[in-house]
Every structure is written in structure tokens, then in C-alpha cells.
$ cat start-v1.pdb   # PDB, C-alpha atoms
ATOM      1  CA  MET A   1    -144.018  56.376 -82.968
ATOM      2  CA  SER A   2    -143.421  54.436 -86.212
ATOM      3  CA  LEU A   3    -143.359  55.970 -89.659
ATOM      4  CA  ASP A   4    -146.215  53.629 -90.630
ATOM      5  CA  ASN A   5    -148.482  55.142 -87.993
ATOM      6  CA  ASP A   6    -147.400  58.660 -88.900
ATOM      7  CA  LEU A   7    -148.197  57.976 -92.545
ATOM      8  CA  ARG A   8    -151.603  56.501 -91.707
ATOM      9  CA  ASN A   9    -152.352  59.608 -89.712
ATOM     10  CA  ALA A  10    -151.030  62.081 -92.290
ATOM     11  CA  LEU A  11    -152.882  60.335 -95.115
ATOM     12  CA  ARG A  12    -156.253  59.941 -93.453
ATOM     13  CA  ARG A  13    -159.260  60.503 -95.686
ATOM     14  CA  VAL A  14    -160.495  64.079 -95.656
ATOM     15  CA  PRO A  15    -164.067  65.175 -96.348
ATOM     16  CA  ALA A  16    -164.828  66.360 -99.862
ATOM     17  CA  PRO A  17    -165.410  70.128-100.104
ATOM     18  CA  GLU A  18    -168.826  71.453 -99.097
ATOM     19  CA  GLY A  19    -171.399  70.962-101.880
ATOM     20  CA  PHE A  20    -169.172  68.590-103.868
ATOM     21  CA  ALA A  21    -171.940  66.056-104.573
ATOM     22  CA  ASP A  22    -174.313  68.850-105.637
ATOM     23  CA  ARG A  23    -171.758  70.145-108.140
ATOM     24  CA  VAL A  24    -171.263  66.645-109.566
ATOM     25  CA  LEU A  25    -175.029  66.138-109.889
ATOM     26  CA  ALA A  26    -175.456  69.582-111.470
ATOM     27  CA  ARG A  27    -172.897  68.634-114.117
ATOM     28  CA  VAL A  28    -174.671  65.306-114.689
ATOM     29  CA  ARG A  29    -178.116  66.949-114.935
ATOM     30  CA  GLY A  30    -176.806  69.823-117.040
ATOM     31  CA  GLY A  31    -175.491  67.355-119.560
ATOM     32  CA  GLN A  32    -172.025  68.766-118.997
ATOM     33  CA  THR A  33    -170.663  65.293-118.971
ATOM     34  CA  ILE A  34    -167.695  66.239-121.107
ATOM     35  CA  VAL A  35    -166.250  69.521-119.974
ATOM     36  CA  SER A  36    -162.655  69.322-118.935
ATOM     37  CA  VAL A  37    -159.682  69.050-121.219
ATOM     38  CA  SER A  38    -158.790  65.667-119.785
ATOM     39  CA  GLU A  39    -162.331  64.398-120.343
ATOM     40  CA  ARG A  40    -162.433  65.726-123.895
ATOM     41  CA  ARG A  41    -159.101  64.009-124.544
ATOM     42  CA  GLN A  42    -160.375  60.749-123.079
ATOM     43  CA  ALA A  43    -163.553  60.979-125.128
ATOM     44  CA  GLY A  44    -161.484  61.481-128.271
ATOM     45  CA  LEU A  45    -162.920  64.952-128.842
ATOM     46  CA  PRO A  46    -160.807  67.839-130.133
ATOM     47  CA  VAL A  47    -159.175  69.830-127.384
ATOM     48  CA  LEU A  48    -159.329  73.605-127.786
ATOM     49  CA  HIS A  49    -156.024  75.265-126.929
ATOM     50  CA  TRP A  50    -155.611  79.042-126.634
ATOM     51  CA  TRP A  51    -152.995  79.136-129.379
ATOM     52  CA  ARG A  52    -155.329  77.355-131.756
ATOM     53  CA  GLY A  53    -157.969  79.998-131.035
ATOM     54  CA  ILE A  54    -155.507  82.790-131.768
ATOM     55  CA  ALA A  55    -154.337  81.092-134.966
ATOM     56  CA  ALA A  56    -157.962  80.631-136.069
ATOM     57  CA  THR A  57    -158.660  84.319-135.343
ATOM     58  CA  PHE A  58    -155.657  85.409-137.432
ATOM     59  CA  LEU A  59    -156.670  83.099-140.268
ATOM     60  CA  LEU A  60    -160.234  84.418-140.221
ATOM     61  CA  ALA A  61    -158.985  88.026-140.131
ATOM     62  CA  ALA A  62    -156.664  87.326-143.082
ATOM     63  CA  MET A  63    -159.490  85.716-145.062
ATOM     64  CA  LEU A  64    -161.899  88.577-144.347
ATOM     65  CA  GLY A  65    -159.174  91.132-145.175
ATOM     66  CA  GLY A  66    -158.421  89.397-148.475
ATOM     67  CA  TRP A  67    -162.078  89.216-149.382
ATOM     68  CA  GLY A  68    -162.542  92.927-148.527
ATOM     69  CA  ALA A  69    -159.556  93.959-150.641
ATOM     70  CA  HIS A  70    -160.818  91.859-153.536
ATOM     71  CA  GLU A  71    -164.261  93.455-153.272
ATOM     72  CA  MET A  72    -162.717  96.970-153.255
ATOM     73  CA  VAL A  73    -160.664  96.268-156.399
ATOM     74  CA  GLU A  74    -163.744  94.827-158.139
ATOM     75  CA  ARG A  75    -165.830  97.909-157.248
ATOM     76  CA  ARG A  76    -163.103 100.272-158.497
ATOM     77  CA  ARG A  77    -162.869  98.302-161.752
ATOM     78  CA  GLU A  78    -166.653  98.421-162.212
ATOM     79  CA  ALA A  79    -166.730 102.179-161.554
ATOM     80  CA  ALA A  80    -163.889 102.769-164.066
ATOM     81  CA  GLY A  81    -165.746 100.650-166.652
ATOM     82  CA  GLN A  82    -168.925 102.610-166.042
ATOM     83  CA  ARG A  83    -167.090 105.919-166.455
ATOM     84  CA  ALA A  84    -165.466 104.727-169.697
ATOM     85  CA  ARG A  85    -168.840 103.609-171.041
ATOM     86  CA  GLU A  86    -170.393 106.962-170.211
ATOM     87  CA  GLN A  87    -167.498 108.768-171.944
ATOM     88  CA  VAL A  88    -167.881 106.636-175.066
ATOM     89  CA  LEU A  89    -171.633 107.324-175.142
ATOM     90  CA  LEU A  90    -170.996 111.054-174.681
ATOM     91  CA  ALA A  91    -168.421 111.024-177.479
ATOM     92  CA  LEU A  92    -170.848 109.163-179.772
ATOM     93  CA  ARG A  93    -173.618 111.641-178.939
ATOM     94  CA  ILE A  94    -171.338 114.613-179.675
ATOM     95  CA  THR A  95    -170.159 113.004-182.902
ATOM     96  CA  GLY A  96    -173.776 112.312-183.913
ATOM     97  CA  GLU A  97    -174.768 115.886-183.228
ATOM     98  CA  LYS A  98    -171.799 117.205-185.215
ATOM     99  CA  LEU A  99    -172.647 114.924-188.142
ATOM    100  CA  ALA A 100    -176.302 116.025-188.067
ATOM    101  CA  HIS A 101    -175.194 119.646-187.988
ATOM    102  CA  ALA A 102    -172.856 119.080-190.950
ATOM    103  CA  GLU A 103    -175.601 117.239-192.840
ATOM    104  CA  ARG A 104    -177.976 120.142-192.289
ATOM    105  CA  GLY A 105    -175.250 122.567-193.592
ATOM    106  CA  VAL A 106    -174.692 120.451-196.704
ATOM    107  CA  ARG A 107    -178.436 120.278-197.393
ATOM    108  CA  HIS A 108    -178.769 124.025-196.954
ATOM    109  CA  ILE A 109    -175.922 124.653-199.454
ATOM    110  CA  THR A 110    -177.299 122.188-202.042
ATOM    111  CA  SER A 111    -180.808 123.662-201.802
ATOM    112  CA  GLU A 112    -179.439 127.086-202.667
TER     113      GLU A 112
ATOM    114  CA  MET B   1    -173.409  39.469 -89.187
ATOM    115  CA  SER B   2    -176.965  39.757 -90.458
ATOM    116  CA  ALA B   3    -176.756  43.561 -90.057
ATOM    117  CA  LEU B   4    -173.625  43.544 -92.210
ATOM    118  CA  LEU B   5    -175.309  41.418 -94.831
ATOM    119  CA  THR B   6    -178.304  43.749 -94.807
ATOM    120  CA  GLU B   7    -175.973  46.722 -95.272
ATOM    121  CA  VAL B   8    -174.200  45.041 -98.193
ATOM    122  CA  GLY B   9    -177.559  44.108 -99.681
ATOM    123  CA  GLU B  10    -178.727  47.721 -99.380
ATOM    124  CA  SER B  11    -175.567  49.003-101.058
ATOM    125  CA  GLU B  12    -176.027  46.570-103.932
ATOM    126  CA  ASP B  13    -179.627  47.747-104.197
ATOM    127  CA  VAL B  14    -178.509  51.401-104.355
ATOM    128  CA  LEU B  15    -176.033  50.505-107.105
ATOM    129  CA  ARG B  16    -178.699  48.624-109.061
ATOM    130  CA  ARG B  17    -181.153  51.538-108.749
ATOM    131  CA  ALA B  18    -178.476  53.998-109.912
ATOM    132  CA  GLN B  19    -177.844  51.774-112.926
ATOM    133  CA  GLU B  20    -181.574  51.928-113.694
ATOM    134  CA  GLY B  21    -181.389  55.733-113.807
ATOM    135  CA  ASP B  22    -182.444  56.635-110.258
ATOM    136  CA  GLY B  23    -180.806  60.041-109.625
ATOM    137  CA  ASP B  24    -181.157  59.804-105.848
ATOM    138  CA  ALA B  25    -179.366  56.466-105.859
ATOM    139  CA  PHE B  26    -176.512  57.929-107.900
ATOM    140  CA  ALA B  27    -176.349  60.870-105.459
ATOM    141  CA  ALA B  28    -176.076  58.336-102.631
ATOM    142  CA  LEU B  29    -173.159  56.629-104.400
ATOM    143  CA  VAL B  30    -171.398  59.988-104.817
ATOM    144  CA  SER B  31    -171.918  60.849-101.149
ATOM    145  CA  GLU B  32    -170.658  57.457-100.055
ATOM    146  CA  HIS B  33    -167.413  57.594-102.037
ATOM    147  CA  GLU B  34    -166.654  61.315-102.476
ATOM    148  CA  SER B  35    -164.306  61.459 -99.493
ATOM    149  CA  MET B  36    -162.241  58.505-100.729
ATOM    150  CA  VAL B  37    -161.950  59.825-104.298
ATOM    151  CA  PHE B  38    -161.254  63.418-103.256
ATOM    152  CA  SER B  39    -158.692  62.341-100.638
ATOM    153  CA  ILE B  40    -156.645  60.298-103.121
ATOM    154  CA  ALA B  41    -156.437  63.342-105.407
ATOM    155  CA  TRP B  42    -155.819  65.712-102.477
ATOM    156  CA  HIS B  43    -152.953  63.646-101.056
ATOM    157  CA  PHE B  44    -151.500  63.368-104.541
ATOM    158  CA  PHE B  45    -151.720  67.029-105.612
ATOM    159  CA  SER B  46    -152.056  69.039-102.360
ATOM    160  CA  ASP B  47    -154.197  71.354-104.484
ATOM    161  CA  ARG B  48    -157.849  71.687-103.553
ATOM    162  CA  ASN B  49    -159.136  72.965-106.918
ATOM    163  CA  ARG B  50    -157.218  70.449-108.952
ATOM    164  CA  SER B  51    -158.296  67.632-106.634
ATOM    165  CA  GLU B  52    -161.949  68.621-106.857
ATOM    166  CA  GLU B  53    -161.753  68.840-110.639
ATOM    167  CA  ILE B  54    -160.264  65.344-110.854
ATOM    168  CA  ALA B  55    -162.795  63.952-108.365
ATOM    169  CA  GLN B  56    -165.731  65.479-110.258
ATOM    170  CA  ASP B  57    -164.423  64.069-113.534
ATOM    171  CA  VAL B  58    -164.116  60.617-111.946
ATOM    172  CA  PHE B  59    -167.778  60.662-110.865
ATOM    173  CA  LEU B  60    -168.927  61.890-114.276
ATOM    174  CA  GLN B  61    -166.973  59.050-115.827
ATOM    175  CA  LEU B  62    -168.648  56.703-113.357
ATOM    176  CA  TYR B  63    -172.064  58.041-114.400
ATOM    177  CA  ARG B  64    -171.321  57.167-118.019
ATOM    178  CA  ASN B  65    -169.951  53.745-117.107
ATOM    179  CA  LEU B  66    -172.449  52.678-114.446
ATOM    180  CA  GLY B  67    -173.643  49.803-116.597
ATOM    181  CA  LYS B  68    -170.200  48.198-116.474
ATOM    182  CA  ILE B  69    -170.056  48.081-112.669
ATOM    183  CA  GLU B  70    -170.920  44.616-111.401
ATOM    184  CA  THR B  71    -170.857  44.882-107.609
ATOM    185  CA  CYS B  72    -170.105  47.390-104.829
ATOM    186  CA  ALA B  73    -166.633  45.873-104.426
ATOM    187  CA  HIS B  74    -166.083  46.357-108.151
ATOM    188  CA  LEU B  75    -167.289  49.960-107.796
ATOM    189  CA  LEU B  76    -164.728  50.633-105.054
ATOM    190  CA  PHE B  77    -161.940  49.081-107.133
ATOM    191  CA  TRP B  78    -163.081  51.007-110.252
ATOM    192  CA  LEU B  79    -163.139  54.349-108.421
ATOM    193  CA  ARG B  80    -159.671  53.810-106.919
ATOM    194  CA  GLN B  81    -158.279  52.709-110.271
ATOM    195  CA  VAL B  82    -159.775  55.569-112.296
ATOM    196  CA  THR B  83    -158.823  58.185-109.689
ATOM    197  CA  SER B  84    -155.217  57.039-109.365
ATOM    198  CA  ARG B  85    -154.748  56.771-113.127
ATOM    199  CA  ARG B  86    -156.326  60.184-113.719
ATOM    200  CA  CYS B  87    -154.006  61.727-111.133
ATOM    201  CA  ILE B  88    -150.892  60.218-112.725
ATOM    202  CA  ASP B  89    -152.061  61.093-116.263
ATOM    203  CA  GLU B  90    -152.825  64.645-115.175
ATOM    204  CA  VAL B  91    -149.432  65.214-113.569
ATOM    205  CA  ARG B  92    -147.706  63.793-116.651
ATOM    206  CA  ARG B  93    -149.764  65.951-118.993
ATOM    207  CA  ALA B  94    -149.784  69.244-117.144
ATOM    208  CA  GLY B  95    -146.680  68.969-114.991
ATOM    209  CA  PRO B  96    -146.476  69.121-111.215
ATOM    210  CA  ARG B  97    -148.142  72.560-110.637
ATOM    211  CA  ARG B  98    -147.411  71.716-107.044
ATOM    212  CA  ILE B  99    -148.277  74.328-104.484
ATOM    213  CA  SER B 100    -146.631  74.691-101.148
ATOM    214  CA  LEU B 101    -148.545  73.174 -98.299
ATOM    215  CA  ASP B 102    -148.118  76.547 -96.614
ATOM    216  CA  ASP B 103    -150.445  77.937 -99.285
ATOM    217  CA  ALA B 104    -152.794  74.974 -99.189
ATOM    218  CA  PRO B 105    -155.812  75.296 -96.914
ATOM    219  CA  GLU B 106    -155.816  72.875 -94.001
ATOM    220  CA  LEU B 107    -158.693  70.493 -94.616
ATOM    221  CA  PRO B 108    -160.773  69.391 -91.684
ATOM    222  CA  VAL B 109    -159.924  65.910 -90.425
ATOM    223  CA  ALA B 110    -161.095  64.004 -87.423
ATOM    224  CA  PRO B 111    -159.125  65.001 -84.316
ATOM    225  CA  SER B 112    -156.336  62.643 -83.362
ATOM    226  CA  SER B 113    -153.579  62.339 -80.820
ATOM    227  CA  HIS B 114    -150.929  62.958 -83.480
ATOM    228  CA  ASP B 115    -148.889  66.113 -83.782
ATOM    229  CA  PRO B 116    -150.529  68.167 -86.562
ATOM    230  CA  LEU B 117    -147.245  69.887 -87.432
ATOM    231  CA  ALA B 118    -145.493  66.542 -87.861
ATOM    232  CA  SER B 119    -148.311  65.336 -90.118
ATOM    233  CA  ARG B 120    -148.035  68.497 -92.165
ATOM    234  CA  ARG B 121    -144.266  68.070 -92.524
ATOM    235  CA  LEU B 122    -144.784  64.446 -93.550
ATOM    236  CA  ARG B 123    -147.370  65.426 -96.188
ATOM    237  CA  GLU B 124    -144.926  68.003 -97.474
ATOM    238  CA  SER B 125    -142.278  65.278 -97.812
ATOM    239  CA  ILE B 126    -144.763  62.965 -99.548
ATOM    240  CA  SER B 127    -145.540  65.718-102.061
ATOM    241  CA  THR B 128    -141.878  65.688-103.172
ATOM    242  CA  LEU B 129    -141.926  61.984-104.070
ATOM    243  CA  PRO B 130    -142.100  60.943-107.751
ATOM    244  CA  PRO B 131    -145.743  60.538-108.931
ATOM    245  CA  ARG B 132    -145.888  56.724-108.897
ATOM    246  CA  GLN B 133    -144.269  56.467-105.471
ATOM    247  CA  ARG B 134    -146.629  59.146-104.169
ATOM    248  CA  MET B 135    -149.655  57.265-105.472
ATOM    249  CA  VAL B 136    -148.447  53.924-104.096
ATOM    250  CA  VAL B 137    -147.870  55.476-100.659
ATOM    251  CA  THR B 138    -151.305  57.149-100.776
ATOM    252  CA  LEU B 139    -153.084  53.904-101.658
ATOM    253  CA  ARG B 140    -151.062  51.973 -99.090
ATOM    254  CA  TYR B 141    -151.709  54.287 -96.140
ATOM    255  CA  GLN B 142    -154.910  56.139 -97.004
ATOM    256  CA  GLU B 143    -156.772  53.115 -98.319
ATOM    257  CA  ASP B 144    -154.841  50.512 -96.306
ATOM    258  CA  LEU B 145    -154.263  48.344 -99.375
ATOM    259  CA  ASP B 146    -151.598  45.660 -99.706
ATOM    260  CA  PRO B 147    -149.063  45.701-102.573
ATOM    261  CA  SER B 148    -150.974  43.158-104.696
ATOM    262  CA  GLU B 149    -154.181  45.224-104.502
ATOM    263  CA  ILE B 150    -152.231  48.402-105.339
ATOM    264  CA  GLY B 151    -150.622  46.573-108.272
ATOM    265  CA  ARG B 152    -154.014  45.663-109.715
ATOM    266  CA  ILE B 153    -155.211  49.262-109.325
ATOM    267  CA  VAL B 154    -152.244  50.994-110.942
ATOM    268  CA  GLY B 155    -151.531  48.172-113.384
ATOM    269  CA  LEU B 156    -148.024  47.283-112.226
ATOM    270  CA  PRO B 157    -146.457  44.000-111.025
ATOM    271  CA  VAL B 158    -146.499  43.467-107.278
ATOM    272  CA  ASN B 159    -142.675  43.511-107.093
ATOM    273  CA  THR B 160    -142.607  46.929-108.747
ATOM    274  CA  ILE B 161    -145.100  48.174-106.166
ATOM    275  CA  LYS B 162    -142.971  46.785-103.339
ATOM    276  CA  SER B 163    -139.932  48.490-104.841
ATOM    277  CA  HIS B 164    -141.771  51.833-105.142
ATOM    278  CA  LEU B 165    -142.963  51.507-101.573
ATOM    279  CA  HIS B 166    -139.503  50.621-100.279
ATOM    280  CA  ARG B 167    -137.858  53.583-102.054
ATOM    281  CA  ALA B 168    -140.592  55.960-100.959
ATOM    282  CA  LEU B 169    -140.260  54.928 -97.312
ATOM    283  CA  LEU B 170    -136.476  55.262 -97.440
ATOM    284  CA  ALA B 171    -136.799  58.755 -98.901
ATOM    285  CA  LEU B 172    -139.406  59.748 -96.326
ATOM    286  CA  ARG B 173    -137.327  58.400 -93.425
ATOM    287  CA  LYS B 174    -134.371  60.402 -94.720
ATOM    288  CA  LYS B 175    -136.403  63.589 -95.103
ATOM    289  CA  MET B 176    -138.028  63.181 -91.701
ATOM    290  CA  GLY B 177    -134.788  62.202 -90.000
ATOM    291  CA  VAL B 178    -136.238  58.883 -88.816
ATOM    292  CA  GLU B 179    -133.771  56.136 -87.931
ATOM    293  CA  THR B 180    -134.138  53.016 -90.095
TER     294      THR B 180
END

$ encode --input "start-v1.pdb" --output "C-alpha cells"
Amino acid sequence: MSLDNDLRNALRRVPAPEGFADRVLARVRGGQTIVSVSERRQAGLPVLHWWRGIAATFLLAAMLGGWGAHEMVERRREAAGQRAREQVLLALRITGEKLAHAERGVRHITSE
Amino acid sequence: MSALLTEVGESEDVLRRAQEGDGDAFAALVSEHESMVFSIAWHFFSDRNRSEEIAQDVFLQLYRNLGKIETCAHLLFWLRQVTSRRCIDEVRRAGPRRISLDDAPELPVAPSSHDPLASRRLRESISTLPPRQRMVVTLRYQEDLDPSEIGRIVGLPVNTIKSHLHRALLALRKKMGVET
């Protein structure tokens, strides 16, 4: 038996797996014409790698974290400003009342 | 002779109808060539899932390029060329990911007088060849192509193909313990 014959026998065509044509047609009909990494690469489309997904997740988390921290600082600053304003108003009111009281005392003394 | 001509004429008609958007005609083209495309990938990778993925991608690529196919002979050449190049590109990109033939399911083939264990051992030896040699051997013995046809498919000079074939056969003879 020659190697040529053995090779022809070993490398005979085999049937495609059951339902192969149906799966191809389903991909064609489903518009999934570009699905695999190799196809995306051939079509010049960006290829999504797992590490890019993780990096994007970290970047998004960092951005959201930064935005949250900034918002918290802003709210604290606003609350402190509000408290200071209220204290100033209270001080002005107290001062006004004291002045009015003093004015009434002066008037009472001068009328006597 | 006339029956053959009728058959060729029918095939050309199926191709033309597929190019005009007839889904049934495209399905007929897939059914006609699926075994050839899948087998090239299967003999190259010895990995059923990987081979099916490559074969499906080849037919999807065909669907998008149907307009460029001129004749049935051109279709056959195109399918062999795209399949072999995809296999080599894939193994270069992703590495061998070769599985042992012990783990690979035995695919049904037509019964023959050959020793199935010897065939299995030979396929195992073929799977250890470098990618280009493996593809050249596959096209030579699965598709029964001569070196010039293989050269046109894989885009290499005929002398390079002959050299690949010679080295591959030497390696296989050595592995199989066949006298030269």
C-alpha cells in the first residue's frame, strides 16, 4: 500500500455536521453576516477583546466615581453656604431687635 | 455527454439564481459545497467546532461576494482559496489550539477497505505538520489537485508547493515508518 493511497484515504471528504446548511442560512437571514472576530477583522470593524471591555468598565467606574465625589463636595459647599447665610440673617435680626429696643429706651428717657 | 452538459448548465443556472437573490438557490450551493469546505478545515484543524466556524464564515463571505463569482468552476476555486487562506490566517492569529485526535469525534466517512486505525495515525501525523505543508497536503490528497492548481489557490509559486509537498511526504514517511 503506497503512502499516496493512504493519504487519499485518510483525507477523504467528510460530511458537514448535521444542520450545517440551516445554520449558515439562519445567519444569512438573521443578518448576522458579520459575527466572528475574524470576519469583523476582515470587514475592518473594531474587534472587541475582553481586556478592552474590562478597561472600559474601569474607566467608566472611575468617571462615575469622580463625578459622584464632585457632586458630594458641591452639595456640602452649598449646605455650608446656606448655613452661613442663615446665621448672618439671624445675627442681623438680633442686632435689629437690639437696636430697636435701645431706641425705644432712649425715647422713653428723653420723653421723661 | 449531453447529460453532463445539462448538469453543468443546471449548476450555472443555480448560481445565476442565487446571484439574483434566490434563497433556495443559495441553499443549494451551500449543500453542494459544504462537505468540501468543511473537510478542508477539518483536516487542517482536527477540531469540529473550529472547522464549522470557519466553514460558516466562508459561506457568509460567499453570500456577500456572490456577484463576483463568474462560473461554477470559479466558485469552486474561490471556495477552496478562501477556505485555505482563512485556515492559515486563523492558525497564525490564534495559534494551533490543536486537540488530540483521541479527543476528536470520529466523523462518518464512506466505508473503505483501508485500516481505520492506520488512517487515524496518518491524520495524527498530518496534524503535526507546519500549517502550509498541512494545507498543501490536504489540497493535494483531499481535493486531488496538482501543484500548479494548489499554487494558484494558496498564492505561492509552483516550485514552493512542490517543495512543501516533498518535505511533508518525507516527514510523514518518517513518522509512519514507511520506507522511501

$ atom_distance --input "start-v1.pdb" --atom1 "atom CA of Ile54 of chain B" --atom2 "atom CA of Ser163 of chain B"
27.1 Å

$ closest_atom_pairs --input "start-v1.pdb" --of "chain A" --to "chain B" --cutoff "6 Å" --atoms "all atoms listed in the file" --output "JSON lines"
{"residue": "A:Arg8", "atom": "CA", "partner": "B:Tyr141", "partner_atom": "CA", "distance": 5.0}
{"residue": "A:Ala10", "atom": "CA", "partner": "B:Ser119", "partner_atom": "CA", "distance": 4.8}
{"residue": "A:Leu11", "atom": "CA", "partner": "B:Gln142", "partner_atom": "CA", "distance": 5.0}
{"residue": "A:Arg12", "atom": "CA", "partner": "B:Gln142", "partner_atom": "CA", "distance": 5.4}
{"residue": "A:Arg13", "atom": "CA", "partner": "B:Ser39", "partner_atom": "CA", "distance": 5.3}
{"residue": "A:Val14", "atom": "CA", "partner": "B:Val109", "partner_atom": "CA", "distance": 5.6}
{"residue": "A:Pro15", "atom": "CA", "partner": "B:Ser35", "partner_atom": "CA", "distance": 4.9}
{"residue": "A:Ala16", "atom": "CA", "partner": "B:Ser35", "partner_atom": "CA", "distance": 4.9}
{"residue": "A:Val24", "atom": "CA", "partner": "B:Gln56", "partner_atom": "CA", "distance": 5.7}

$ closest_residue --input "start-v1.pdb" --among "B:Leu170, B:Val14, B:Met135, B:Ala94" --to "Leu66 of chain B" --atoms "only C-alpha atoms"
B:Val14

$ resolve_selection --input "start-v1.pdb" --expression "the PyMOL selection byres ((chain B and resi 68-79) around 8)" --output "JSON, numbers by chain"
{"B": [11, 12, 15, 37, 58, 62, 65, 66, 67, 80, 81, 82, 83, 153]}

$ resolve_selection --input "start-v1.pdb" --expression "the PyMOL selection byres ((chain B and resi 155) around 12)" --output "VMD selection string"
chain B and resid 80 to 82 84 to 85 132 136 147 to 154 156 to 161

$ atom_distance --input "start-v1.pdb" --atom1 "atom CA of Ala25 of chain B" --atom2 "atom CA of Leu25 of chain A"
11.3 Å

$ atom_distance --input "start-v1.pdb" --atom1 "atom CA of Arg23 of chain A" --atom2 "atom CA of Arg134 of chain B"
27.7 Å
